[in-house]
Structure formats: structure tokens, C-alpha cells
>>> print(open('input-v8.txt').read())   # compact mmCIF, C-alpha atoms and all ligand atoms
# COMPACT_ATOMS: atom_id res chain seq x y z
CA MET J 220 200.50 92.26 104.68
CA ASP J 221 197.36 94.43 104.54
CA VAL J 222 197.67 95.07 100.80
CA ILE J 223 197.43 92.56 97.94
CA GLN J 224 199.07 93.74 94.77
CA PHE J 225 197.91 93.04 91.19
CA GLN J 226 200.99 94.19 89.31
CA GLU J 227 199.92 93.21 85.80
CA TYR J 228 196.46 94.78 85.84
CA GLY J 229 196.94 97.81 83.58
CA SER J 230 193.63 98.60 81.89
CA TRP J 231 190.15 99.42 83.18
CA HIS J 232 188.79 96.81 80.77
CA ASP J 233 191.04 93.96 81.98
CA SER J 234 189.79 91.05 83.99
CA LEU J 235 191.51 88.74 86.46
CA THR J 236 192.21 85.07 85.81
CA LYS J 237 189.88 82.60 87.53
CA ASN J 238 192.45 81.88 90.21
CA ASP J 239 193.08 85.58 90.90
CA LEU J 240 189.33 86.25 91.09
CA ASN J 241 189.15 84.03 94.18
CA VAL J 242 192.29 85.57 95.64
CA ALA J 243 190.85 89.07 95.15
CA ALA J 244 187.41 88.45 96.66
CA GLN J 245 188.68 86.40 99.58
CA ASN J 246 191.33 88.92 100.51
CA LEU J 247 188.99 91.88 100.13
CA GLU J 248 186.41 90.23 102.38
CA GLN J 249 189.10 89.48 104.95
CA GLY J 250 189.88 93.19 105.15
CA LYS J 251 192.79 93.59 102.73
CA VAL J 252 193.26 96.38 100.22
CA LEU J 253 193.38 95.33 96.54
CA TYR J 254 196.12 97.43 94.99
CA PHE J 255 196.66 98.04 91.25
CA PRO J 256 199.97 99.91 90.90
CA ALA J 257 199.78 100.07 87.08
CA LEU J 258 196.13 101.06 86.74
CA SER J 259 195.97 104.76 86.11
CA PHE J 260 193.07 107.12 85.45
CA GLU J 261 194.04 109.36 82.55
CA LEU J 262 192.88 112.97 82.43
CA GLN J 263 191.85 114.58 79.16
CA ASP J 264 193.52 117.79 78.01
CA THR J 265 190.71 120.05 79.19
CA GLU J 266 190.78 118.42 82.62
CA ASP J 267 194.22 119.60 83.66
CA ARG J 268 192.64 122.80 84.90
CA LEU J 269 190.69 120.75 87.44
CA LEU J 270 193.95 120.01 89.24
CA SER J 271 193.50 122.86 91.68
CA PRO J 272 191.88 123.19 95.10
CA ASP J 273 190.10 126.26 93.70
CA CYS J 274 187.46 123.86 92.33
CA LEU J 275 186.18 123.54 95.89
CA LYS J 276 183.42 125.67 97.33
CA PRO J 277 184.59 126.46 100.88
CA PRO J 278 184.27 124.90 103.41
CA SER J 279 183.84 121.65 101.43
CA LYS J 280 186.79 119.28 101.41
CA ASN J 281 185.45 117.07 98.61
CA ILE J 282 183.43 117.46 95.45
CA SER J 283 180.82 114.80 94.91
CA PHE J 284 178.42 113.86 92.17
CA ASP J 285 175.30 111.75 92.47
CA PHE J 286 174.06 110.37 89.16
CA ARG J 287 170.59 109.55 90.40
CA SER J 288 169.86 113.16 91.35
CA GLY J 289 172.36 114.84 89.00
CA ILE J 290 173.52 116.91 91.98
CA LEU J 291 177.09 118.16 92.19
CA LYS J 292 178.15 119.12 95.70
CA GLY J 293 181.20 120.91 96.99
CA SER J 294 181.78 122.98 93.85
CA MET J 295 180.06 125.96 92.30
CA HIS J 296 177.39 124.50 90.03
CA GLU J 297 177.36 127.66 87.97
CA SER J 298 181.14 127.64 87.56
CA PRO J 299 182.46 126.94 84.03
CA LEU J 300 184.39 124.08 85.59
CA ALA J 301 181.22 122.27 86.69
CA LEU J 302 180.57 120.55 83.36
CA ASN J 303 184.20 119.48 83.16
CA LEU J 304 184.04 118.14 86.69
CA ILE J 305 180.86 116.18 86.03
CA GLU J 306 182.37 114.69 82.88
CA MET J 307 185.51 113.57 84.71
CA LEU J 308 183.50 112.12 87.61
CA LYS J 309 181.19 110.26 85.22
CA ARG J 310 184.12 108.74 83.39
CA PHE J 311 185.75 107.69 86.66
CA SER J 312 182.48 106.13 87.76
CA GLU J 313 182.17 104.12 84.53
CA HIS J 314 185.79 102.99 84.77
CA SER J 315 185.31 101.96 88.40
CA LEU J 316 182.31 99.85 87.51
CA LYS J 317 184.34 98.17 84.74
CA LEU J 318 187.08 97.49 87.28
CA ILE J 319 184.61 95.83 89.66
CA GLU J 320 183.27 93.74 86.76
CA GLY J 321 186.80 92.60 85.98
CA VAL J 322 187.96 91.98 89.55
CA LEU J 323 184.83 91.17 91.59
CA PRO J 324 182.27 90.07 88.96
CA HIS J 325 180.08 88.04 91.34
CA TYR J 326 179.23 91.26 93.27
CA CYS J 327 177.75 92.96 90.21
CA SER J 328 174.20 91.60 90.32
CA GLN J 329 173.64 93.04 93.81
CA LEU J 330 175.85 96.10 93.71
CA SER J 331 174.44 99.60 93.80
CA VAL J 332 176.36 102.64 92.69
CA GLY J 333 176.76 105.49 95.19
CA ARG J 334 178.45 108.85 94.89
CA THR J 335 181.62 109.67 92.98
CA SER J 336 183.99 112.09 94.66
CA TYR J 337 186.99 114.21 93.82
CA ARG J 338 189.37 115.29 96.61
CA PRO J 339 191.51 118.18 95.38
CA ALA J 340 192.64 119.54 98.78
CA GLU J 341 195.92 118.59 100.47
CA ILE J 342 195.03 116.42 103.45
CA SER J 343 198.01 117.00 105.65
CA GLY J 344 197.66 120.09 107.86
CA ARG J 345 193.93 120.48 107.15
CA THR J 346 191.93 121.41 110.24
CA SER J 347 188.54 119.95 111.11
CA SER J 348 186.57 118.63 114.06
CA TYR J 349 187.90 115.29 115.31
CA ARG J 350 184.86 113.46 113.92
CA LYS J 351 185.60 114.74 110.40
CA ASP J 352 189.34 114.26 110.72
CA ASP J 353 190.22 111.45 108.32
CA THR J 354 193.88 111.54 109.41
CA ARG J 355 192.71 109.55 112.44
CA LEU J 356 192.23 105.79 112.13
CA HIS J 357 188.55 104.93 111.67
CA VAL J 358 186.06 102.66 109.96
CA ASP J 359 183.62 104.50 107.69
CA ALA J 360 180.16 105.32 109.06
CA PHE J 361 178.18 108.45 108.24
CA PRO J 362 175.72 110.20 110.57
CA SER J 363 173.19 111.28 107.95
CA ALA J 364 173.48 108.27 105.63
CA PRO J 365 172.77 105.02 107.48
CA ASN J 366 173.67 102.03 105.28
CA GLN J 367 171.73 99.46 107.29
CA GLY J 368 174.39 96.77 107.14
CA HIS J 369 175.30 97.13 103.46
CA ARG J 370 179.00 96.96 102.72
CA ILE J 371 180.83 100.14 101.66
CA LEU J 372 183.08 99.25 98.72
CA ARG J 373 185.30 102.03 97.39
CA VAL J 374 187.60 102.49 94.41
CA PHE J 375 190.32 105.16 94.71
CA SER J 376 192.72 106.51 92.06
CA ASN J 377 195.57 108.87 92.77
CA ILE J 378 195.73 111.45 89.94
CA ASN J 379 198.35 113.68 91.53
CA PRO J 380 200.46 115.37 88.78
CA HIS J 381 203.39 116.29 91.07
CA GLY J 382 204.59 112.82 92.05
CA GLN J 383 202.88 112.96 95.44
CA SER J 384 201.59 109.71 96.96
CA ARG J 385 198.38 109.25 98.89
CA VAL J 386 199.69 108.17 102.28
CA TRP J 387 197.41 105.97 104.38
CA ARG J 388 197.72 104.28 107.73
CA LEU J 389 196.06 100.87 107.92
CA GLY J 390 195.00 99.68 111.35
CA GLU J 391 193.90 96.51 113.10
CA PRO J 392 191.43 93.89 111.85
CA PHE J 393 187.78 94.83 112.40
CA GLU J 394 187.20 92.18 115.07
CA GLU J 395 190.08 93.57 117.09
CA VAL J 396 188.72 97.12 116.77
CA ALA J 397 185.23 95.96 117.80
CA ARG J 398 186.60 93.98 120.74
CA GLN J 399 188.12 97.18 122.13
CA PHE J 400 185.32 99.65 121.44
CA LEU J 401 182.08 97.70 121.67
CA PRO J 402 182.17 97.48 125.49
CA ARG J 403 182.22 101.31 125.58
CA ILE J 404 179.03 101.67 123.49
CA ARG J 405 175.55 101.82 125.02
CA LYS J 406 172.65 100.13 123.29
CA PRO J 407 170.65 102.46 121.02
CA LEU J 408 167.75 104.21 122.77
CA PHE J 409 164.35 102.77 121.95
CA GLY J 410 162.58 105.01 119.38
CA SER J 411 165.69 107.08 118.58
CA SER J 412 165.97 105.87 114.97
CA ALA J 413 162.35 106.83 114.14
CA LEU J 414 162.92 110.23 115.73
CA LEU J 415 166.11 110.89 113.73
CA LYS J 416 164.27 109.97 110.53
CA ALA J 417 161.22 112.08 111.42
CA LEU J 418 163.47 115.08 112.07
CA ASN J 419 165.22 114.48 108.73
CA ILE J 420 168.57 114.12 110.48
CA THR J 421 169.01 110.77 108.74
CA LYS J 422 168.05 109.95 105.15
CA SER J 423 166.83 106.49 106.11
CA ARG J 424 166.32 104.57 109.35
CA ARG J 425 169.41 104.45 111.58
CA THR J 426 169.47 100.76 112.50
CA PRO J 427 171.22 99.42 115.62
CA TYR J 428 174.02 98.41 113.21
CA ASP J 429 174.44 102.05 112.13
CA HIS J 430 174.38 103.14 115.76
CA TYR J 431 177.26 100.80 116.70
CA MET J 432 179.29 101.66 113.58
CA LEU J 433 178.91 105.39 114.11
CA ARG J 434 179.87 105.18 117.77
CA MET J 435 182.89 103.05 116.85
CA HIS J 436 183.91 105.60 114.21
CA ASP J 437 183.66 108.46 116.74
CA LEU J 438 185.31 106.61 119.63
CA MET J 439 188.25 105.52 117.48
CA LYS J 440 188.85 109.04 116.22
CA GLY J 441 188.41 110.52 119.69
CA ASP J 442 190.93 108.20 121.38
CA LEU J 443 194.38 109.71 120.81
CA ASP J 444 196.06 106.97 122.80
CA TYR J 445 194.47 104.38 120.54
CA GLN J 446 195.56 106.34 117.47
CA ILE J 447 199.18 105.97 118.49
CA LYS J 448 199.20 102.55 120.10
CA ALA J 449 196.96 100.55 117.75
CA HIS J 450 198.81 98.04 115.62
CA GLN J 451 199.21 99.76 112.24
CA CYS J 452 201.31 100.24 109.12
CA VAL J 453 201.81 103.03 106.62
CA PHE J 454 201.13 102.47 102.92
CA GLN J 455 201.81 104.92 100.11
CA PHE J 456 199.68 104.83 96.97
CA PRO J 457 201.75 106.59 94.29
CA PRO J 458 200.31 108.74 91.49
CA ASN J 459 198.70 106.73 88.67
CA SER J 460 197.76 103.86 90.97
CA THR J 461 194.33 102.54 91.95
CA TRP J 462 193.05 100.57 94.94
CA ILE J 463 189.82 98.92 96.12
CA VAL J 464 188.88 98.69 99.78
CA MET J 465 185.86 98.01 101.96
CA THR J 466 186.14 101.05 104.19
CA ASP J 467 183.45 99.94 106.66
CA HIS J 468 185.73 97.07 107.63
CA VAL J 469 189.28 98.29 107.17
CA SER J 470 190.59 100.70 109.79
CA HIS J 471 192.21 103.48 107.75
CA ALA J 472 193.49 107.05 107.94
CA ALA J 473 194.55 109.32 105.07
CA MET J 474 197.66 111.21 106.22
CA ALA J 475 198.83 113.13 103.16
CA GLY J 476 198.19 113.60 99.48
CA GLN J 477 196.20 115.70 97.07
CA TYR J 478 194.02 114.93 94.04
CA VAL J 479 192.32 111.61 94.41
CA LEU J 480 189.15 110.26 92.79
CA GLU J 481 186.83 107.89 94.61
CA GLN J 482 183.75 105.87 93.68
CA THR J 483 181.48 104.37 96.34
CA PHE J 484 179.44 101.18 95.85
CA TYR J 485 177.08 99.47 98.28
CA LEU J 486 176.70 95.72 98.55
CA PRO J 487 174.20 93.79 100.69
CA VAL J 488 175.99 91.18 102.80
CA SER J 489 174.11 88.45 100.89
CA GLY J 490 176.19 89.47 97.85
CA MET J 491 179.47 88.51 99.57
CA LEU J 492 181.25 85.17 99.20
CA ASN J 493 181.22 84.87 102.97
CA GLU J 494 178.86 87.22 104.79
CA ASN J 495 180.15 86.02 108.17
CA LEU J 496 183.16 88.25 107.55
CA SER J 497 181.02 91.41 107.29
CA PRO J 498 180.98 94.02 110.07
CA LEU J 499 177.23 93.37 110.38
CA ARG J 500 177.61 89.66 111.14
CA ILE J 501 180.67 90.24 113.33
CA LEU J 502 178.81 92.81 115.45
CA GLU J 503 175.74 90.56 115.60
CA ARG J 504 177.86 87.72 116.91
CA MET J 505 179.52 89.97 119.47
CA THR J 506 176.31 91.63 120.73
CA GLY J 507 174.12 88.54 120.41
CA CYS J 508 171.42 90.67 118.72
CA ASN J 509 169.97 91.15 115.25
CA LEU J 510 171.18 94.60 114.26
CA VAL J 511 169.13 95.43 111.12
C1 LIG R 601 188.89 108.30 104.12
O1 LIG R 601 188.06 107.54 103.59
O2 LIG R 601 188.94 108.34 105.33
C2 LIG R 601 189.78 109.20 103.29
C3 LIG R 601 190.48 108.47 102.21
C4 LIG R 601 191.21 109.39 101.24
O3 LIG R 601 190.66 110.43 100.89
O4 LIG R 601 192.32 109.04 100.83
FE FE R 602 187.24 106.92 105.74
>>> encode(input="input-v8.txt", output="C-alpha cells")
Amino acid sequence: MDVIQFQEYGSWHDSLTKNDLNVAAQNLEQGKVLYFPALSFELQDTEDRLLSPDCLKPPSKNISFDFRSGILKGSMHESPLALNLIEMLKRFSEHSLKLIEGVLPHYCSQLSVGRTSYRPAEISGRTSSYRKDDTRLHVDAFPSAPNQGHRILRVFSNINPHGQSRVWRLGEPFEEVARQFLPRIRKPLFGSSALLKALNITKSRRTPYDHYMLRMHDLMKGDLDYQIKAHQCVFQFPPNSTWIVMTDHVSHAAMAGQYVLEQTFYLPVSGMLNENLSPLRILERMTGCNLV
């Protein structure tokens, strides 16, 4: 099973028993989803009006907030909803950090907090270029934001008020994905990462690791045969549930659903229980090269 369930975990301030702490971290690092069916993110009265895709500034599909810069993206900053949105995103971010402290406490000393996002648009039927199409199986890698081997750890909560689940497909283990796509990827061109940085196309240096991850992301999404034939299962995350997943490692696709909150964290591989399970170390073993 690709999903490990923590049925009893019902509050953002809970913590797991010692035995469950090991179960959680080991399973997460092996590419499983940690699923909390009874952990729900409650909206405040004034926040009900945020349950509308009208919060989005077209053509954005998500709203995101970055605490370090205070920048809200994807929504009208001047809109009266902006303060409400920021408040909700801040609270979700604080709750997510509490959840990580309760479930994966040994990550906390090395964890950094990334963006918080709100996804108020229905996914199914949405059109986009194949690279941006998250209904296709992929591992997360972002062209303008190289993460240089750090793990991408994400907390999601479904806040849908109409009983609608977030429907995901979960694909093959990372090693299996890499085994199929790595042979199709050329080595990065010498000097290309400095050029991308100099041209401000990337925010930081695109390492060989980022190059391989990005090519894998694009090749997976671009291969329709693979999308159908890859070993996969469907999982539905109902409203009022929460899940944690390392999206750089777990092949995933979001097929349907509306109104989800997400918090991103970054973790250096040295912060893992077993860094040999990271995409960085797996790709280094497979290519025989240092990639960061
Ligand atoms: C994704 O990370 O590909 C999308 C997940 C979601 O919005 O449910
Ligand atoms: Fe993704």
C-alpha cells in the first residue's frame, strides 16, 4: 500500500507515540504518503467567502504566500480578500509546522519553511501545457526554483465544503521511474547552470541534480503511454483530511478536487534518517556522479 494511515491523529497539536514516530519517518522516506483521515483544518467564519475560485487572479491556478518576502501571488493584493487569505495561509502554515513537530520531530532542526499555497480551482477539466499539467504522473521539480538536492516535503489539507475528495494517482517507486527515464536524459551542458542564473531564469544555481529531476518531470508528463501503463493506484483524500508526502520522490498526479491547502518544507538530505533513500543519492548511484 502506498499510503500509511494514522487514524487516531485528530489535532494539530498531537504527537505520535515513539513507535509510530519510527513507522512514520521510515515509511515517508521509502516513498509512502502519511495520511491523517481525522485531521481537519477548520475555517473561521469570515473565511467561508474564500471558498470560491474568484479569489484567483487569472491565469493563476494557485494562490501562494511567502512569509519571508510577505508576497502574495495568484490573487489580487489590493482585493479585500487578500488579508483574509494571508491570515488563513499563515494559520495553515503554523498548523503544518506543528504537525511536522508531532510526526517527524527529528527533521525540525534542519527544516526550512517554503511557500504556503491555496488551490481553489477545480482540477479536473482544467487546460494547461503538458509540463504544467498536474493530472499527469510526475515527480516535483520546478524550472525556476532549483532545490539543489534538498527534499520537498509537503503537507496538504482538503477543505472542500461540498463533500468532494482530492483524487490522486500514485505511481511507481522513484528508482523504477529513474530506471526508465534516466537513459533518455543527456548530461547537463557545461556552463549552462551559470548561464541560467546569470539570465535570472533560475533563482539559484541549477545543479546537475536539478537538471535530471526537471528532465524526468517533463519526460514523465510528456509520455502518454507511460501515463497509462505505469503501475499505479488511485487514492481519494476526503474533505477534512490531511496528508504528508515527499513530492520529489513520490510519483503523483492530482486528478480531481477543489479547495486544498498546501505547505512546502525543504529538508537537506543530511536531515533524513536514511539519506540513501533520497532522489539525490539514488540518482548519484545510478549516474556514478556527484550531482550537487
Ligand atoms: C501536485 O503537486 O502535482 C498537485 C497536488 C494537488 O494539488 O493536489
Ligand atoms: Fe506535483
>>> atom_distance(input="input-v8.txt", atom1="CA of Asn493 (chain J)", atom2="CA of Val358 (chain J)")
19.7 Å
>>> closest_residue(input="input-v8.txt", among="J:Arg500, J:Lys280, J:Lys237, J:Arg388", to="Val222 (chain J)", atoms="only C-alpha atoms")
J:Arg388
>>> closest_atom_pairs(input="input-v8.txt", of="chain J", to="ligand LIG 601 (chain R)", cutoff="7 Å", atoms="only C-alpha atoms and all ligand atoms", output="CSV")
residue,atom,partner,partner_atom,distance
J:Arg338,CA,R:LIG601,O3,6.6
J:Asp353,CA,R:LIG601,O2,4.5
J:Asp359,CA,R:LIG601,O1,6.8
J:Arg385,CA,R:LIG601,O4,6.4
J:Trp387,CA,R:LIG601,O4,6.9
J:Thr466,CA,R:LIG601,O1,6.8
J:His471,CA,R:LIG601,O2,6.3
J:Ala472,CA,R:LIG601,O2,5.4
J:Ala473,CA,R:LIG601,O4,4.8
J:Val479,CA,R:LIG601,O3,6.8
>>> residues_near_point(input="input-v8.txt", point="(194.1, 100.2, 116.5)", cutoff="7 Å", atoms="only C-alpha atoms", output="list in words")
Gly390, Glu391, Val396, Tyr445, Gln446, Lys448, Ala449, His450 and Gln451 of chain J
>>> closest_residue(input="input-v8.txt", among="J:Tyr228, J:Ile501, J:Gly333, J:Pro278", to="Ser347 (chain J)", atoms="all atoms listed in the file")
J:Pro278
>>> residues_around(input="input-v8.txt", residues="Pro392 (chain J)", least_positions_apart="5", cutoff="12 Å", atoms="all atoms listed in the file", output="ChimeraX atom specification")
/J:220-221,248-251,356-358,397-399,449-451,466-471,496-498,501
>>> atom_distance(input="input-v8.txt", atom1="CA of Lys416 (chain J)", atom2="CA of Lys292 (chain J)")
22.3 Å
>>> closest_residue(input="input-v8.txt", among="J:Gly476, J:Gly293, J:Pro427, J:Gly441", to="Tyr337 (chain J)", atoms="all atoms listed in the file")
J:Gly293
>>> residues_around(input="input-v8.txt", residues="Gln383 (chain J)", least_positions_apart="3", cutoff="7 Å", atoms="all atoms listed in the file", output="PyMOL selection string")
chain J and resi 379+457-458+476
>>> build_atoms(input="input-v8.txt", residues="region 318-329 of chain J", atoms="all heavy atoms", output="PDB file, in the frame of the given file")
ATOM      1  N   LEU J 318     186.064  98.132  86.437  1.00  0.00           N
ATOM      2  CA  LEU J 318     187.080  97.490  87.280  1.00  0.00           C
ATOM      3  C   LEU J 318     186.428  96.440  88.192  1.00  0.00           C
ATOM      4  O   LEU J 318     186.935  95.325  88.332  1.00  0.00           O
ATOM      5  CB  LEU J 318     187.809  98.557  88.117  1.00  0.00           C
ATOM      6  CG  LEU J 318     188.822  98.052  89.141  1.00  0.00           C
ATOM      7  CD1 LEU J 318     189.994  97.342  88.459  1.00  0.00           C
ATOM      8  CD2 LEU J 318     189.359  99.205  90.006  1.00  0.00           C
ATOM      9  N   ILE J 319     185.297  96.800  88.790  1.00  0.00           N
ATOM     10  CA  ILE J 319     184.610  95.830  89.660  1.00  0.00           C
ATOM     11  C   ILE J 319     184.153  94.620  88.837  1.00  0.00           C
ATOM     12  O   ILE J 319     184.273  93.473  89.278  1.00  0.00           O
ATOM     13  CB  ILE J 319     183.405  96.489  90.386  1.00  0.00           C
ATOM     14  CG1 ILE J 319     183.861  97.667  91.251  1.00  0.00           C
ATOM     15  CG2 ILE J 319     182.645  95.457  91.222  1.00  0.00           C
ATOM     16  CD1 ILE J 319     184.774  97.316  92.395  1.00  0.00           C
ATOM     17  N   GLU J 320     183.682  94.867  87.614  1.00  0.00           N
ATOM     18  CA  GLU J 320     183.270  93.740  86.760  1.00  0.00           C
ATOM     19  C   GLU J 320     184.438  92.817  86.448  1.00  0.00           C
ATOM     20  O   GLU J 320     184.271  91.614  86.343  1.00  0.00           O
ATOM     21  CB  GLU J 320     182.668  94.267  85.444  1.00  0.00           C
ATOM     22  CG  GLU J 320     181.254  94.795  85.617  1.00  0.00           C
ATOM     23  CD  GLU J 320     180.757  95.588  84.402  1.00  0.00           C
ATOM     24  OE1 GLU J 320     181.425  95.591  83.335  1.00  0.00           O
ATOM     25  OE2 GLU J 320     179.702  96.230  84.544  1.00  0.00           O
ATOM     26  N   GLY J 321     185.631  93.396  86.322  1.00  0.00           N
ATOM     27  CA  GLY J 321     186.800  92.600  85.980  1.00  0.00           C
ATOM     28  C   GLY J 321     187.445  91.910  87.178  1.00  0.00           C
ATOM     29  O   GLY J 321     188.124  90.901  87.032  1.00  0.00           O
ATOM     30  N   VAL J 322     187.237  92.472  88.367  1.00  0.00           N
ATOM     31  CA  VAL J 322     187.960  91.980  89.550  1.00  0.00           C
ATOM     32  C   VAL J 322     187.022  91.248  90.526  1.00  0.00           C
ATOM     33  O   VAL J 322     187.414  90.274  91.166  1.00  0.00           O
ATOM     34  CB  VAL J 322     188.649  93.170  90.263  1.00  0.00           C
ATOM     35  CG1 VAL J 322     189.282  92.748  91.569  1.00  0.00           C
ATOM     36  CG2 VAL J 322     189.714  93.784  89.355  1.00  0.00           C
ATOM     37  N   LEU J 323     185.780  91.733  90.611  1.00  0.00           N
ATOM     38  CA  LEU J 323     184.830  91.170  91.590  1.00  0.00           C
ATOM     39  C   LEU J 323     183.476  90.940  90.901  1.00  0.00           C
ATOM     40  O   LEU J 323     182.439  91.466  91.339  1.00  0.00           O
ATOM     41  CB  LEU J 323     184.674  92.158  92.764  1.00  0.00           C
ATOM     42  CG  LEU J 323     185.966  92.475  93.515  1.00  0.00           C
ATOM     43  CD1 LEU J 323     185.884  93.825  94.219  1.00  0.00           C
ATOM     44  CD2 LEU J 323     186.285  91.365  94.518  1.00  0.00           C
ATOM     45  N   PRO J 324     183.466  90.145  89.800  1.00  0.00           N
ATOM     46  CA  PRO J 324     182.270  90.070  88.960  1.00  0.00           C
ATOM     47  C   PRO J 324     181.034  89.524  89.689  1.00  0.00           C
ATOM     48  O   PRO J 324     179.918  89.935  89.380  1.00  0.00           O
ATOM     49  CB  PRO J 324     182.694  89.128  87.823  1.00  0.00           C
ATOM     50  CG  PRO J 324     183.896  88.406  88.317  1.00  0.00           C
ATOM     51  CD  PRO J 324     184.570  89.311  89.295  1.00  0.00           C
ATOM     52  N   HIS J 325     181.257  88.638  90.673  1.00  0.00           N
ATOM     53  CA  HIS J 325     180.080  88.040  91.340  1.00  0.00           C
ATOM     54  C   HIS J 325     179.356  89.045  92.236  1.00  0.00           C
ATOM     55  O   HIS J 325     178.280  88.763  92.721  1.00  0.00           O
ATOM     56  CB  HIS J 325     180.515  86.815  92.146  1.00  0.00           C
ATOM     57  CG  HIS J 325     181.665  87.125  93.032  1.00  0.00           C
ATOM     58  ND1 HIS J 325     182.955  87.160  92.560  1.00  0.00           N
ATOM     59  CD2 HIS J 325     181.700  87.486  94.311  1.00  0.00           C
ATOM     60  CE1 HIS J 325     183.742  87.527  93.530  1.00  0.00           C
ATOM     61  NE2 HIS J 325     183.018  87.731  94.609  1.00  0.00           N
ATOM     62  N   TYR J 326     179.944  90.238  92.489  1.00  0.00           N
ATOM     63  CA  TYR J 326     179.230  91.260  93.270  1.00  0.00           C
ATOM     64  C   TYR J 326     178.220  92.029  92.410  1.00  0.00           C
ATOM     65  O   TYR J 326     177.322  92.678  92.936  1.00  0.00           O
ATOM     66  CB  TYR J 326     180.212  92.313  93.839  1.00  0.00           C
ATOM     67  CG  TYR J 326     181.088  91.851  94.982  1.00  0.00           C
ATOM     68  CD1 TYR J 326     182.120  92.673  95.422  1.00  0.00           C
ATOM     69  CD2 TYR J 326     180.879  90.644  95.623  1.00  0.00           C
ATOM     70  CE1 TYR J 326     182.935  92.287  96.478  1.00  0.00           C
ATOM     71  CE2 TYR J 326     181.701  90.254  96.672  1.00  0.00           C
ATOM     72  CZ  TYR J 326     182.719  91.072  97.094  1.00  0.00           C
ATOM     73  OH  TYR J 326     183.526  90.699  98.128  1.00  0.00           O
ATOM     74  N   CYS J 327     178.421  91.966  91.080  1.00  0.00           N
ATOM     75  CA  CYS J 327     177.750  92.960  90.210  1.00  0.00           C
ATOM     76  C   CYS J 327     176.235  92.886  90.251  1.00  0.00           C
ATOM     77  O   CYS J 327     175.566  93.915  90.192  1.00  0.00           O
ATOM     78  CB  CYS J 327     178.273  92.845  88.793  1.00  0.00           C
ATOM     79  SG  CYS J 327     179.959  93.479  88.717  1.00  0.00           S
ATOM     80  N   SER J 328     175.664  91.683  90.391  1.00  0.00           N
ATOM     81  CA  SER J 328     174.200  91.600  90.320  1.00  0.00           C
ATOM     82  C   SER J 328     173.556  92.300  91.521  1.00  0.00           C
ATOM     83  O   SER J 328     172.403  92.699  91.451  1.00  0.00           O
ATOM     84  CB  SER J 328     173.768  90.140  90.242  1.00  0.00           C
ATOM     85  OG  SER J 328     174.143  89.486  91.427  1.00  0.00           O
ATOM     86  N   GLN J 329     174.273  92.440  92.618  1.00  0.00           N
ATOM     87  CA  GLN J 329     173.640  93.040  93.810  1.00  0.00           C
ATOM     88  C   GLN J 329     174.214  94.404  94.194  1.00  0.00           C
ATOM     89  O   GLN J 329     173.825  94.996  95.196  1.00  0.00           O
ATOM     90  CB  GLN J 329     173.804  92.088  94.999  1.00  0.00           C
ATOM     91  CG  GLN J 329     173.051  90.786  94.819  1.00  0.00           C
ATOM     92  CD  GLN J 329     172.827  90.099  96.153  1.00  0.00           C
ATOM     93  OE1 GLN J 329     172.281  90.665  97.089  1.00  0.00           O
ATOM     94  NE2 GLN J 329     173.274  88.863  96.240  1.00  0.00           N
TER      95      GLN J 329
END
